[in-house]
$ cat model_3.txt   # compact mmCIF, C-alpha atoms (C1' of nucleotides)
# COMPACT_ATOMS: atom_id res chain seq x y z
CA MET A 29 343.56 97.51 42.46
CA SER A 30 339.91 96.66 42.06
CA LEU A 31 338.02 96.98 38.83
CA THR A 32 336.09 99.84 40.29
CA GLU A 33 339.14 101.74 41.35
CA GLU A 34 340.68 101.20 37.95
CA ALA A 35 337.65 102.54 36.16
CA ASN A 36 337.88 105.60 38.35
CA HIS A 37 341.47 106.28 37.49
CA GLY A 38 342.44 105.82 41.09
CA HIS A 39 340.29 108.70 42.28
CA LEU A 40 337.50 106.71 43.79
CA ARG A 41 335.43 107.68 46.75
CA PRO A 42 334.10 104.21 47.55
CA LEU A 43 330.35 103.95 47.62
CA GLU A 44 330.58 102.46 51.08
CA HIS A 45 333.45 104.25 52.70
CA ASP A 46 333.58 104.74 56.45
CA HIS A 47 331.93 108.09 56.51
CA THR A 48 332.14 108.47 60.29
CA LYS A 49 335.84 109.00 59.69
CA CYS A 50 335.14 111.84 57.26
CA ILE A 51 332.93 113.50 59.83
CA SER A 52 335.24 113.16 62.80
CA LYS A 53 338.24 114.23 60.77
CA ALA A 54 336.42 117.32 59.54
CA LEU A 55 335.23 118.25 63.01
CA ASN A 56 338.62 117.71 64.57
CA THR A 57 340.38 119.73 61.92
CA ALA A 58 337.83 122.50 62.31
CA GLU A 59 338.28 122.62 66.07
CA GLN A 60 342.04 122.78 65.81
CA LEU A 61 341.97 125.44 63.12
CA CYS A 62 339.60 127.60 65.10
CA VAL A 63 341.77 127.36 68.21
CA VAL A 64 344.84 128.33 66.22
CA ARG A 65 343.02 131.21 64.61
CA GLY A 66 341.48 132.43 67.83
CA VAL A 67 337.91 132.13 66.55
CA GLN A 68 335.05 130.33 68.24
CA LEU A 69 333.61 127.09 66.95
CA THR A 70 330.45 127.51 69.01
CA PRO A 71 327.93 124.68 69.48
CA ILE A 72 325.68 126.05 66.75
CA ARG A 73 328.56 126.35 64.29
CA GLN A 74 329.72 122.88 65.21
CA GLN A 75 326.30 121.41 64.75
CA VAL A 76 325.85 123.07 61.37
CA LEU A 77 329.24 121.81 60.29
CA ALA A 78 328.38 118.32 61.50
CA LEU A 79 325.07 118.40 59.64
CA ILE A 80 326.81 119.47 56.47
CA TRP A 81 329.27 116.63 56.87
CA ASP A 82 326.43 114.20 57.30
CA SER A 83 326.98 113.42 53.64
CA HIS A 84 329.16 114.41 50.72
CA LYS A 85 326.17 116.02 49.06
CA ALA A 86 325.56 119.74 48.93
CA VAL A 87 322.93 120.72 51.52
CA LYS A 88 320.40 123.54 51.35
CA ALA A 89 320.28 126.14 54.10
CA TYR A 90 316.66 125.47 54.95
CA ASP A 91 317.29 121.73 55.14
CA LEU A 92 319.97 122.49 57.69
CA LEU A 93 317.46 124.66 59.50
CA ASP A 94 314.96 121.81 59.70
CA ARG A 95 317.60 119.39 60.84
CA ILE A 96 319.09 121.62 63.50
CA LYS A 97 315.77 122.39 65.14
CA PRO A 98 315.73 119.31 67.38
CA LEU A 99 319.06 120.54 68.77
CA GLN A 100 318.44 124.28 68.65
CA ASN A 101 314.81 124.88 69.23
CA ALA A 102 315.11 128.59 68.59
CA ALA A 103 316.85 128.22 65.24
CA LYS A 104 315.76 130.67 62.56
CA PRO A 105 317.11 131.38 59.06
CA ALA A 106 319.58 133.90 60.49
CA THR A 107 320.91 131.21 62.82
CA ILE A 108 321.87 129.06 59.89
CA TYR A 109 323.10 131.78 57.58
CA ARG A 110 325.34 133.21 60.29
CA ALA A 111 326.85 129.83 60.95
CA LEU A 112 327.31 129.28 57.22
CA ASP A 113 328.97 132.67 56.82
CA PHE A 114 331.39 131.81 59.60
CA LEU A 115 332.20 128.39 58.18
CA ILE A 116 332.78 129.83 54.72
CA GLU A 117 335.02 132.58 56.10
CA GLN A 118 337.07 129.96 57.85
CA GLY A 119 337.24 127.88 54.70
CA LEU A 120 335.52 124.96 56.41
CA ILE A 121 332.80 124.66 53.82
CA HIS A 122 332.14 125.69 50.22
CA LYS A 123 329.08 127.36 48.88
CA VAL A 124 328.09 125.61 45.69
CA GLU A 125 326.91 128.66 43.79
CA SER A 126 325.15 126.81 41.04
CA LEU A 127 323.00 124.95 43.57
CA ASN A 128 322.62 127.51 46.33
CA ALA A 129 323.84 124.80 48.65
CA PHE A 130 326.76 124.02 50.90
CA VAL A 131 329.28 121.23 51.17
CA GLY A 132 332.10 120.37 53.53
CA CYS A 133 335.67 121.28 52.60
CA ASN A 134 338.40 118.74 53.03
CA CYS A 135 341.27 121.10 52.83
CA SER A 136 340.54 124.04 55.05
CA GLU A 137 344.17 124.50 55.98
CA ARG A 138 345.35 124.88 52.44
CA GLN A 139 343.95 126.72 49.46
CA HIS A 140 340.23 126.28 49.58
CA GLU A 141 339.33 127.39 46.10
CA LEU A 142 338.95 124.17 44.25
CA LEU A 143 337.28 122.49 41.38
CA LEU A 144 333.95 121.06 42.47
CA LEU A 145 332.63 118.03 40.63
CA ILE A 146 328.91 117.74 41.20
CA CYS A 147 327.23 114.47 40.30
CA LYS A 148 323.74 114.72 38.86
CA HIS A 149 323.07 111.12 39.75
CA CYS A 150 324.17 110.70 43.37
CA ASN A 151 324.40 114.42 44.13
CA GLU A 152 327.76 114.03 45.79
CA VAL A 153 330.34 116.76 45.38
CA GLU A 154 333.99 115.98 44.97
CA GLU A 155 336.55 118.70 45.49
CA ARG A 156 339.80 118.62 43.60
CA PRO A 157 342.76 120.97 43.79
CA ALA A 158 343.08 120.74 39.99
CA SER A 159 346.40 122.49 40.15
CA GLU A 160 346.94 122.53 36.38
CA VAL A 161 343.59 124.20 35.92
CA MET A 162 344.37 126.74 38.60
CA GLN A 163 347.69 127.48 37.03
CA ALA A 164 346.15 128.00 33.61
CA LEU A 165 343.58 130.21 35.26
CA SER A 166 346.24 132.39 36.90
CA GLN A 167 347.89 132.72 33.52
CA GLU A 168 344.58 133.76 32.02
CA PHE A 169 343.99 136.34 34.74
CA TYR A 170 347.39 137.80 34.04
CA GLN A 171 346.71 138.01 30.33
CA ALA A 172 343.39 139.68 31.00
CA GLY A 173 344.92 142.14 33.44
CA PHE A 174 342.45 140.85 35.99
CA SER A 175 343.17 140.75 39.75
CA PRO A 176 341.14 137.90 41.18
CA HIS A 177 339.78 137.99 44.72
CA SER A 178 337.86 134.76 44.56
CA LYS A 179 336.98 132.12 42.07
CA ALA A 180 334.59 129.24 41.67
CA ILE A 181 334.81 126.35 39.27
CA GLU A 182 331.83 124.07 39.29
CA ALA A 183 331.10 121.21 36.95
CA HIS A 184 327.90 119.22 36.74
CA GLY A 185 327.93 115.73 35.33
CA ILE A 186 328.21 112.09 36.25
CA CYS A 187 330.85 111.04 38.75
CA ALA A 188 333.14 108.06 38.54
CA ASN A 189 331.15 105.96 40.98
CA CYS A 190 327.90 106.48 39.15
CA SER A 191 329.48 105.72 35.76
CA ASP A 192 330.77 102.46 37.19
CA PHE A 193 327.40 101.71 38.64
CA HIS A 194 325.76 102.10 35.28
CA SER A 195 328.36 100.17 33.33
CA ILE A 196 328.53 97.27 35.83
CA SER A 197 324.86 96.78 36.62
CA MET B 20 348.73 150.77 20.86
CA SER B 21 347.56 153.15 23.58
CA LEU B 22 348.91 153.16 27.09
CA THR B 23 345.62 151.85 28.32
CA GLU B 24 345.53 148.98 25.87
CA GLU B 25 349.07 148.10 26.77
CA ALA B 26 348.32 147.98 30.47
CA ASN B 27 345.48 145.63 29.68
CA HIS B 28 347.68 143.23 27.78
CA GLY B 29 345.73 143.91 24.64
CA HIS B 30 342.45 142.65 26.08
CA LEU B 31 340.79 145.96 26.68
CA ARG B 32 337.15 146.73 26.55
CA PRO B 33 337.48 150.51 26.28
CA LEU B 34 335.62 152.45 28.92
CA GLU B 35 333.89 154.37 26.16
CA HIS B 36 333.40 151.87 23.40
CA ASP B 37 330.51 152.20 21.00
CA HIS B 38 328.10 150.04 22.89
CA THR B 39 325.30 150.43 20.36
CA LYS B 40 327.42 148.17 18.18
CA CYS B 41 327.54 145.51 20.88
CA ILE B 42 323.78 145.61 21.18
CA SER B 43 322.98 145.51 17.48
CA LYS B 44 325.53 142.80 16.86
CA ALA B 45 324.10 140.68 19.65
CA LEU B 46 320.53 141.14 18.46
CA ASN B 47 321.40 140.42 14.86
CA THR B 48 323.33 137.32 15.74
CA ALA B 49 320.50 136.14 17.94
CA GLU B 50 317.94 136.62 15.18
CA GLN B 51 320.02 134.75 12.65
CA LEU B 52 320.74 131.89 15.03
CA CYS B 53 317.11 131.51 15.92
CA VAL B 54 316.08 131.40 12.27
CA VAL B 55 318.70 128.76 11.53
CA ARG B 56 317.63 126.72 14.54
CA GLY B 57 313.94 127.05 13.84
CA VAL B 58 313.14 128.64 17.18
CA GLN B 59 311.24 131.85 17.77
CA LEU B 60 312.87 135.03 18.97
CA THR B 61 309.54 136.52 20.02
CA PRO B 62 309.14 140.21 20.95
CA ILE B 63 309.38 139.44 24.67
CA ARG B 64 312.52 137.37 24.23
CA GLN B 65 314.01 140.06 22.03
CA GLN B 66 313.22 142.77 24.51
CA VAL B 67 314.72 140.82 27.39
CA LEU B 68 317.83 140.16 25.37
CA ALA B 69 318.07 143.84 24.44
CA LEU B 70 317.66 144.86 28.08
CA ILE B 71 320.40 142.47 29.11
CA TRP B 72 322.65 143.91 26.44
CA ASP B 73 321.95 147.39 27.69
CA SER B 74 325.26 147.03 29.51
CA HIS B 75 328.08 144.58 30.05
CA LYS B 76 327.01 144.16 33.66
CA ALA B 77 325.12 141.18 34.97
CA VAL B 78 321.44 142.04 35.42
CA LYS B 79 318.99 140.71 37.99
CA ALA B 80 315.76 139.08 36.85
CA TYR B 81 313.56 141.48 38.79
CA ASP B 82 315.41 144.48 37.40
CA LEU B 83 314.61 143.16 33.96
CA LEU B 84 311.02 142.78 35.06
CA ASP B 85 310.84 146.43 36.13
CA ARG B 86 312.45 147.58 32.96
CA ILE B 87 310.31 145.54 30.60
CA LYS B 88 307.02 146.70 32.13
CA PRO B 89 306.77 149.86 30.02
CA LEU B 90 306.93 147.60 26.96
CA GLN B 91 305.04 144.61 28.30
CA ASN B 92 302.44 145.83 30.69
CA ALA B 93 301.40 142.34 31.70
CA ALA B 94 304.91 141.17 32.53
CA LYS B 95 305.20 138.94 35.60
CA PRO B 96 308.15 137.00 37.04
CA ALA B 97 307.26 134.03 34.87
CA THR B 98 307.46 136.24 31.79
CA ILE B 99 311.07 137.07 32.56
CA TYR B 100 312.16 133.66 33.73
CA ARG B 101 310.70 132.01 30.66
CA ALA B 102 312.53 134.40 28.40
CA LEU B 103 315.74 133.88 30.37
CA ASP B 104 315.37 130.10 30.14
CA PHE B 105 314.98 130.36 26.41
CA LEU B 106 317.97 132.67 26.00
CA ILE B 107 320.14 130.41 28.14
CA GLU B 108 319.06 127.33 26.21
CA GLN B 109 320.02 129.06 22.99
CA GLY B 110 323.33 130.11 24.48
CA LEU B 111 322.50 133.78 23.97
CA ILE B 112 323.12 134.71 27.59
CA HIS B 113 324.94 133.34 30.62
CA LYS B 114 323.59 132.97 34.08
CA VAL B 115 326.20 134.25 36.50
CA GLU B 116 325.61 131.71 39.24
CA SER B 117 327.52 133.53 41.92
CA LEU B 118 325.37 136.64 41.45
CA ASN B 119 322.03 135.19 40.46
CA ALA B 120 322.18 137.49 37.51
CA PHE B 121 322.40 137.35 33.74
CA VAL B 122 324.75 138.70 31.13
CA GLY B 123 324.86 138.67 27.34
CA CYS B 124 326.99 136.10 25.57
CA ASN B 125 329.24 137.16 22.73
CA CYS B 126 329.82 133.79 21.27
CA SER B 127 326.50 132.05 21.01
CA GLU B 128 327.49 130.22 17.85
CA ARG B 129 330.53 128.60 19.36
CA GLN B 130 331.17 127.01 22.71
CA HIS B 131 329.33 129.07 25.28
CA GLU B 132 330.92 127.76 28.42
CA LEU B 133 333.51 130.32 29.21
CA LEU B 134 335.48 131.92 31.94
CA LEU B 135 333.61 134.89 33.35
CA LEU B 136 335.62 137.71 34.86
CA ILE B 137 333.40 139.74 37.13
CA CYS B 138 334.65 143.14 38.24
CA LYS B 139 333.77 144.19 41.78
CA HIS B 140 334.38 147.80 40.90
CA CYS B 141 332.50 148.45 37.66
CA ASN B 142 330.40 145.27 37.80
CA GLU B 143 331.11 144.47 34.19
CA VAL B 144 331.52 140.87 33.15
CA GLU B 145 334.07 139.82 30.61
CA GLU B 146 333.83 136.41 28.98
CA ARG B 147 336.91 134.63 27.82
CA PRO B 148 337.26 131.30 26.04
CA ALA B 149 340.29 130.56 28.22
CA SER B 150 341.13 127.58 26.08
CA GLU B 151 344.13 126.51 28.14
CA VAL B 152 341.98 126.45 31.25
CA MET B 153 339.32 124.46 29.46
CA GLN B 154 341.85 121.99 28.22
CA ALA B 155 343.31 121.51 31.68
CA LEU B 156 339.80 121.08 32.94
CA SER B 157 339.03 118.34 30.41
CA GLN B 158 342.19 116.61 31.48
CA GLU B 159 341.11 116.86 35.09
CA PHE B 160 337.67 115.46 34.28
CA TYR B 161 339.29 112.52 32.59
CA GLN B 162 341.55 111.84 35.53
CA ALA B 163 338.59 112.02 37.89
CA GLY B 164 336.49 109.72 35.71
CA PHE B 165 333.94 112.49 35.59
CA SER B 166 331.62 113.07 32.59
CA PRO B 167 330.79 116.75 32.52
CA HIS B 168 327.46 118.05 31.25
CA SER B 169 328.03 121.67 32.06
CA LYS B 170 330.55 123.82 33.76
CA ALA B 171 330.88 127.30 35.16
CA ILE B 172 334.03 129.22 35.92
CA GLU B 173 333.49 132.54 37.60
CA ALA B 174 336.09 134.84 39.05
CA HIS B 175 335.47 137.96 41.10
CA GLY B 176 338.06 140.68 41.24
CA ILE B 177 339.17 143.92 39.64
CA CYS B 178 339.19 144.17 35.87
CA ALA B 179 341.88 145.69 33.70
CA ASN B 180 339.98 148.92 33.10
CA CYS B 181 339.42 149.54 36.76
CA SER B 182 343.03 148.76 37.65
CA ASP B 183 344.11 151.29 35.02
CA PHE B 184 341.67 153.78 36.35
CA HIS B 185 343.11 153.48 39.83
CA SER B 186 346.73 153.55 38.76
CA ILE B 187 346.27 156.48 36.36
CA SER B 188 344.01 158.70 38.43
C1' DT C 23 286.05 125.78 7.34
C1' DC C 24 287.11 124.29 11.48
C1' DA C 25 288.69 120.83 14.96
C1' DG C 26 292.78 119.80 17.08
C1' DC C 27 297.53 120.51 18.17
C1' DT C 28 301.52 123.10 19.81
C1' DA C 29 304.23 126.96 21.38
C1' DA C 30 303.96 131.01 23.73
C1' DT C 31 302.00 133.98 26.92
C1' DG C 32 298.75 135.60 30.81
C1' DT C 33 297.77 135.31 35.59
C1' DA C 34 297.72 134.15 40.46
C1' DA C 35 299.65 132.08 44.02
C1' DT C 36 303.36 130.48 46.53
C1' DA C 37 307.92 128.33 47.29
C1' DA C 38 312.71 128.85 48.21
C1' DT C 39 316.62 131.59 49.35
C1' DA C 40 318.60 135.33 51.98
C1' DT C 41 319.12 139.65 54.70
C1' DA C 42 318.11 143.61 57.81
C1' DA C 43 317.30 145.54 62.09
C1' DC C 44 317.06 145.63 66.68
C1' DA C 45 317.00 143.11 71.36
C1' DT C 46 319.29 140.08 74.45
C1' DT C 47 322.83 137.21 76.44
C1' DA C 48 327.41 135.70 77.86
C1' DC C 49 331.74 136.64 78.95
C1' DG C 50 336.16 138.84 79.37
C1' DT C 51 338.44 142.87 81.11
C1' DA C 52 339.37 147.63 82.74
C1' DT D 15 330.77 146.58 88.79
C1' DA D 16 330.59 148.85 84.45
C1' DC D 17 331.75 148.39 79.89
C1' DG D 18 332.77 146.35 75.40
C1' DT D 19 332.47 142.73 72.16
C1' DA D 20 330.98 138.49 69.97
C1' DA D 21 327.34 135.57 69.52
C1' DT D 22 322.67 134.60 69.48
C1' DG D 23 317.45 135.52 69.69
C1' DT D 24 313.60 137.38 67.31
C1' DT D 25 310.67 139.51 63.94
C1' DA D 26 309.97 141.08 59.75
C1' DT D 27 310.82 141.45 55.09
C1' DA D 28 313.49 141.35 50.75
C1' DT D 29 314.96 138.72 46.87
C1' DT D 30 314.95 134.96 43.69
C1' DA D 31 312.37 131.42 41.39
C1' DT D 32 308.69 128.01 40.31
C1' DT D 33 304.10 125.84 39.81
C1' DA D 34 299.70 125.40 38.04
C1' DC D 35 296.18 126.46 35.32
C1' DA D 36 293.92 129.63 31.76
C1' DT D 37 294.22 131.86 27.39
C1' DT D 38 295.86 133.06 22.85
C1' DA D 39 297.86 132.64 18.23
C1' DG D 40 299.14 130.19 14.51
C1' DC D 41 299.71 125.96 12.02
C1' DT D 42 297.90 121.46 10.09
C1' DG D 43 295.13 118.06 8.33
C1' DA D 44 290.21 116.26 7.77

$ encode --input "model_3.txt" --output "structure tokens"
Amino acid sequence: MSLTEEANHGHLRPLEHDHTKCISKALNTAEQLCVVRGVQLTPIRQQVLALIWDSHKAVKAYDLLDRIKPLQNAAKPATIYRALDFLIEQGLIHKVESLNAFVGCNCSERQHELLLLICKHCNEVEERPASEVMQALSQEFYQAGFSPHSKAIEAHGICANCSDFHSIS
Amino acid sequence: MSLTEEANHGHLRPLEHDHTKCISKALNTAEQLCVVRGVQLTPIRQQVLALIWDSHKAVKAYDLLDRIKPLQNAAKPATIYRALDFLIEQGLIHKVESLNAFVGCNCSERQHELLLLICKHCNEVEERPASEVMQALSQEFYQAGFSPHSKAIEAHGICANCSDFHSIS
DNA sequence: TCAGCTAATGTAATAATATAACATTACGTA
DNA sequence: TACGTAATGTTATATTATTACATTAGCTGA
């Protein structure tokens, strides 16, 4: 185990990971899920998803709009927001509420309500199942007599990679 | 203990509580805190805080703007957003990120990062310390090597009062 | 006193985010 | 072919938030 991995408690997303794999995995998973579910991953929706997966950062809707224009000349805000709505419905992306931005979801098959760790330094967003947190949350809902329909847990701070970066350099 | 309280697991905010007490308590606390901290709870800031405490619902910035105009003829968006920034800084209100709206905080003295339970039916927002959740969250941050600066936990669903309402009526 | 500083507010303009409403297209199916 | 539905095109507009610069009020030290 490298120093870096150790400092990250084994939960490292390497600074230079092979991101093409992230993208192709996400797109493949999305395609398969949509087939199974009988919904259409149209070219526009695919392109938006691909653009979102261009990085692990949360992306703004109007940035997506700018970046999809070379591919979809006619793209307008509604184009993007419709695609985003679809992708959210299908659990393929998250909306980061505290940023008004969107990020790819790694776990569209499973529960897609996760803890999002948002780094103020590199802007990347890590999603974590945080099962203990979720369990405590369910307990809390029960105690409050609250029936949850959806939940969002978002934390802003400095991620493991960026802490390492600072402490090493 | 009433039937209603029982059904709410003892965490009831009665449908008809004496809300004037909520307001005056919030305003008094705010005043005292600001004195102690050496910051100014100016008339505008006070009025915005009072308007927010007009209910337990989350309020939109431009609704506040409309409602403060009779008192502050010159009010503009910046007027409201500045007051909101101040109140958030002082922990006197929360921004509900998933609604782009604002709600009074009951616990400005103590930790003001809480679980917010947002009812889809009555729109009221309940804040809960949810200490077990917070503890699990800290644990998760540690495991992820993440240094949190701020966090938001927001759940949408049906609150205890509204569940009671449906099951009784 | 008054010059200078700071915090707060006034004011106008505009940026950034998101939705509504209606028209059109593409495609499957009766 | 006619019809229905899902997706997209298109225009306009609503909603949320910030920037930049001017003004005011009150304090502080020369």

$ interface_residues --input "model_3.txt" --of "chain B" --to "chain A" --cutoff "10 Å" --atoms "only C-alpha atoms" --output "PyMOL selection string"
chain B and resi 25-31+114-119+134-139+145+147-183

$ interface_residues --input "model_3.txt" --of "chain C" --to "chain A" --cutoff "12 Å" --atoms "all atoms listed in the file" --output "mmCIF file with C-alpha atoms (C1' of nucleotides), in the frame of the given file"
data_model
loop_
_atom_site.group_PDB
_atom_site.id
_atom_site.type_symbol
_atom_site.label_atom_id
_atom_site.label_comp_id
_atom_site.auth_asym_id
_atom_site.auth_seq_id
_atom_site.Cartn_x
_atom_site.Cartn_y
_atom_site.Cartn_z
ATOM 1 C "C1'" DA C 37 307.920 128.330 47.290
ATOM 2 C "C1'" DA C 38 312.710 128.850 48.210
ATOM 3 C "C1'" DT C 39 316.620 131.590 49.350
ATOM 4 C "C1'" DA C 40 318.600 135.330 51.980
ATOM 5 C "C1'" DT C 41 319.120 139.650 54.700
ATOM 6 C "C1'" DA C 42 318.110 143.610 57.810
ATOM 7 C "C1'" DA C 43 317.300 145.540 62.090
#

$ residues_around --input "model_3.txt" --residues "DA16 (chain D)" --least-positions-apart "2" --cutoff "12 Å" --atoms "all atoms listed in the file" --output "list of chain:residue names"
C:DT51, C:DA52, D:DG18

$ write_last_selection --input "model_3.txt" --atoms "C-alpha atoms (C1' of nucleotides)" --output "CSV table (one decimal), in the coordinates of the input"
chain,number,residue,atom,x,y,z
C,51,DT,C1',338.4,142.9,81.1
C,52,DA,C1',339.4,147.6,82.7
D,18,DG,C1',332.8,146.4,75.4

$ atom_distance --input "model_3.txt" --atom1 "C1' of DT32 (chain D)" --atom2 "C1' of DA35 (chain C)"
10.6 Å

$ residues_around --input "model_3.txt" --residues "region 78-82 of chain A" --least-positions-apart "4" --cutoff "12 Å" --atoms "all atoms listed in the file" --output "VMD selection string"
chain A and resid 46 to 56 58 to 59 69 71 to 74 86 to 97 99 108 111 to 112 115 120 to 123 129 to 134 152 to 153

$ atom_distance --input "model_3.txt" --atom1 "CA of Lys95 (chain B)" --atom2 "CA of His131 (chain B)"
28.0 Å

$ closest_residue --input "model_3.txt" --among "B:His36, B:His75, B:Gln59, B:Ala93" --to "DT31 (chain C)" --atoms "all atoms listed in the file"
B:Ala93

$ residues_around --input "model_3.txt" --residues "DT47 (chain C)" --least-positions-apart "2" --cutoff "12 Å" --atoms "all atoms listed in the file" --output "list of chain:residue names"
C:DA45, C:DC49, D:DT19, D:DA20, D:DA21, D:DT22, D:DG23

$ decode --input "model_3.txt" --residues "region 45-98 of chain A" --atoms "C-alpha atoms" --output "short mmCIF file (atom, residue, chain, number, x, y, z; two decimals), in the first residue's frame"
data_model
loop_
_atom_site.label_atom_id
_atom_site.label_comp_id
_atom_site.auth_asym_id
_atom_site.auth_seq_id
_atom_site.Cartn_x
_atom_site.Cartn_y
_atom_site.Cartn_z
CA HIS A 45 -6.65 7.21 -12.51
CA ASP A 46 -7.69 5.94 -15.91
CA HIS A 47 -10.75 8.06 -16.26
CA THR A 48 -11.70 6.69 -19.67
CA LYS A 49 -12.66 3.56 -17.77
CA CYS A 50 -14.98 5.53 -15.50
CA ILE A 51 -16.67 7.03 -18.52
CA SER A 52 -17.10 3.84 -20.51
CA LYS A 53 -18.27 1.94 -17.47
CA ALA A 54 -20.86 4.59 -16.69
CA LEU A 55 -22.11 4.72 -20.26
CA ASN A 56 -22.29 0.97 -20.57
CA THR A 57 -24.14 0.59 -17.31
CA ALA A 58 -26.54 3.33 -18.33
CA GLU A 59 -27.27 1.69 -21.66
CA GLN A 60 -27.92 -1.68 -20.09
CA LEU A 61 -30.13 -0.24 -17.37
CA CYS A 62 -32.19 1.70 -19.86
CA VAL A 63 -32.72 -1.38 -22.02
CA VAL A 64 -33.81 -3.39 -19.00
CA ARG A 65 -36.14 -0.64 -17.89
CA GLY A 66 -37.59 -0.05 -21.32
CA VAL A 67 -36.60 3.61 -21.41
CA GLN A 68 -34.67 5.37 -24.15
CA LEU A 69 -31.11 6.54 -23.74
CA THR A 70 -31.37 8.86 -26.73
CA PRO A 71 -28.31 10.52 -28.30
CA ILE A 72 -28.93 13.76 -26.42
CA ARG A 73 -29.27 11.96 -23.09
CA GLN A 74 -26.18 9.94 -23.84
CA GLN A 75 -24.19 12.99 -24.75
CA VAL A 76 -25.26 14.83 -21.61
CA LEU A 77 -24.35 11.82 -19.52
CA ALA A 78 -20.98 11.57 -21.25
CA LEU A 79 -20.32 15.27 -20.68
CA ILE A 80 -21.16 14.91 -17.01
CA TRP A 81 -18.78 11.97 -16.78
CA ASP A 82 -16.06 14.01 -18.39
CA SER A 83 -14.84 14.57 -14.84
CA HIS A 84 -15.69 13.70 -11.27
CA LYS A 85 -16.60 17.31 -10.63
CA ALA A 86 -20.14 18.61 -10.40
CA VAL A 87 -21.11 20.36 -13.65
CA LYS A 88 -23.48 23.28 -14.13
CA ALA A 89 -26.41 22.95 -16.51
CA TYR A 90 -25.37 25.90 -18.63
CA ASP A 91 -21.82 24.57 -18.92
CA LEU A 92 -23.31 21.38 -20.28
CA LEU A 93 -25.35 23.50 -22.66
CA ASP A 94 -22.23 25.23 -23.98
CA ARG A 95 -20.41 21.97 -24.33
CA ILE A 96 -23.18 20.11 -26.09
CA LYS A 97 -23.71 22.79 -28.72
CA PRO A 98 -21.01 21.52 -31.09
#
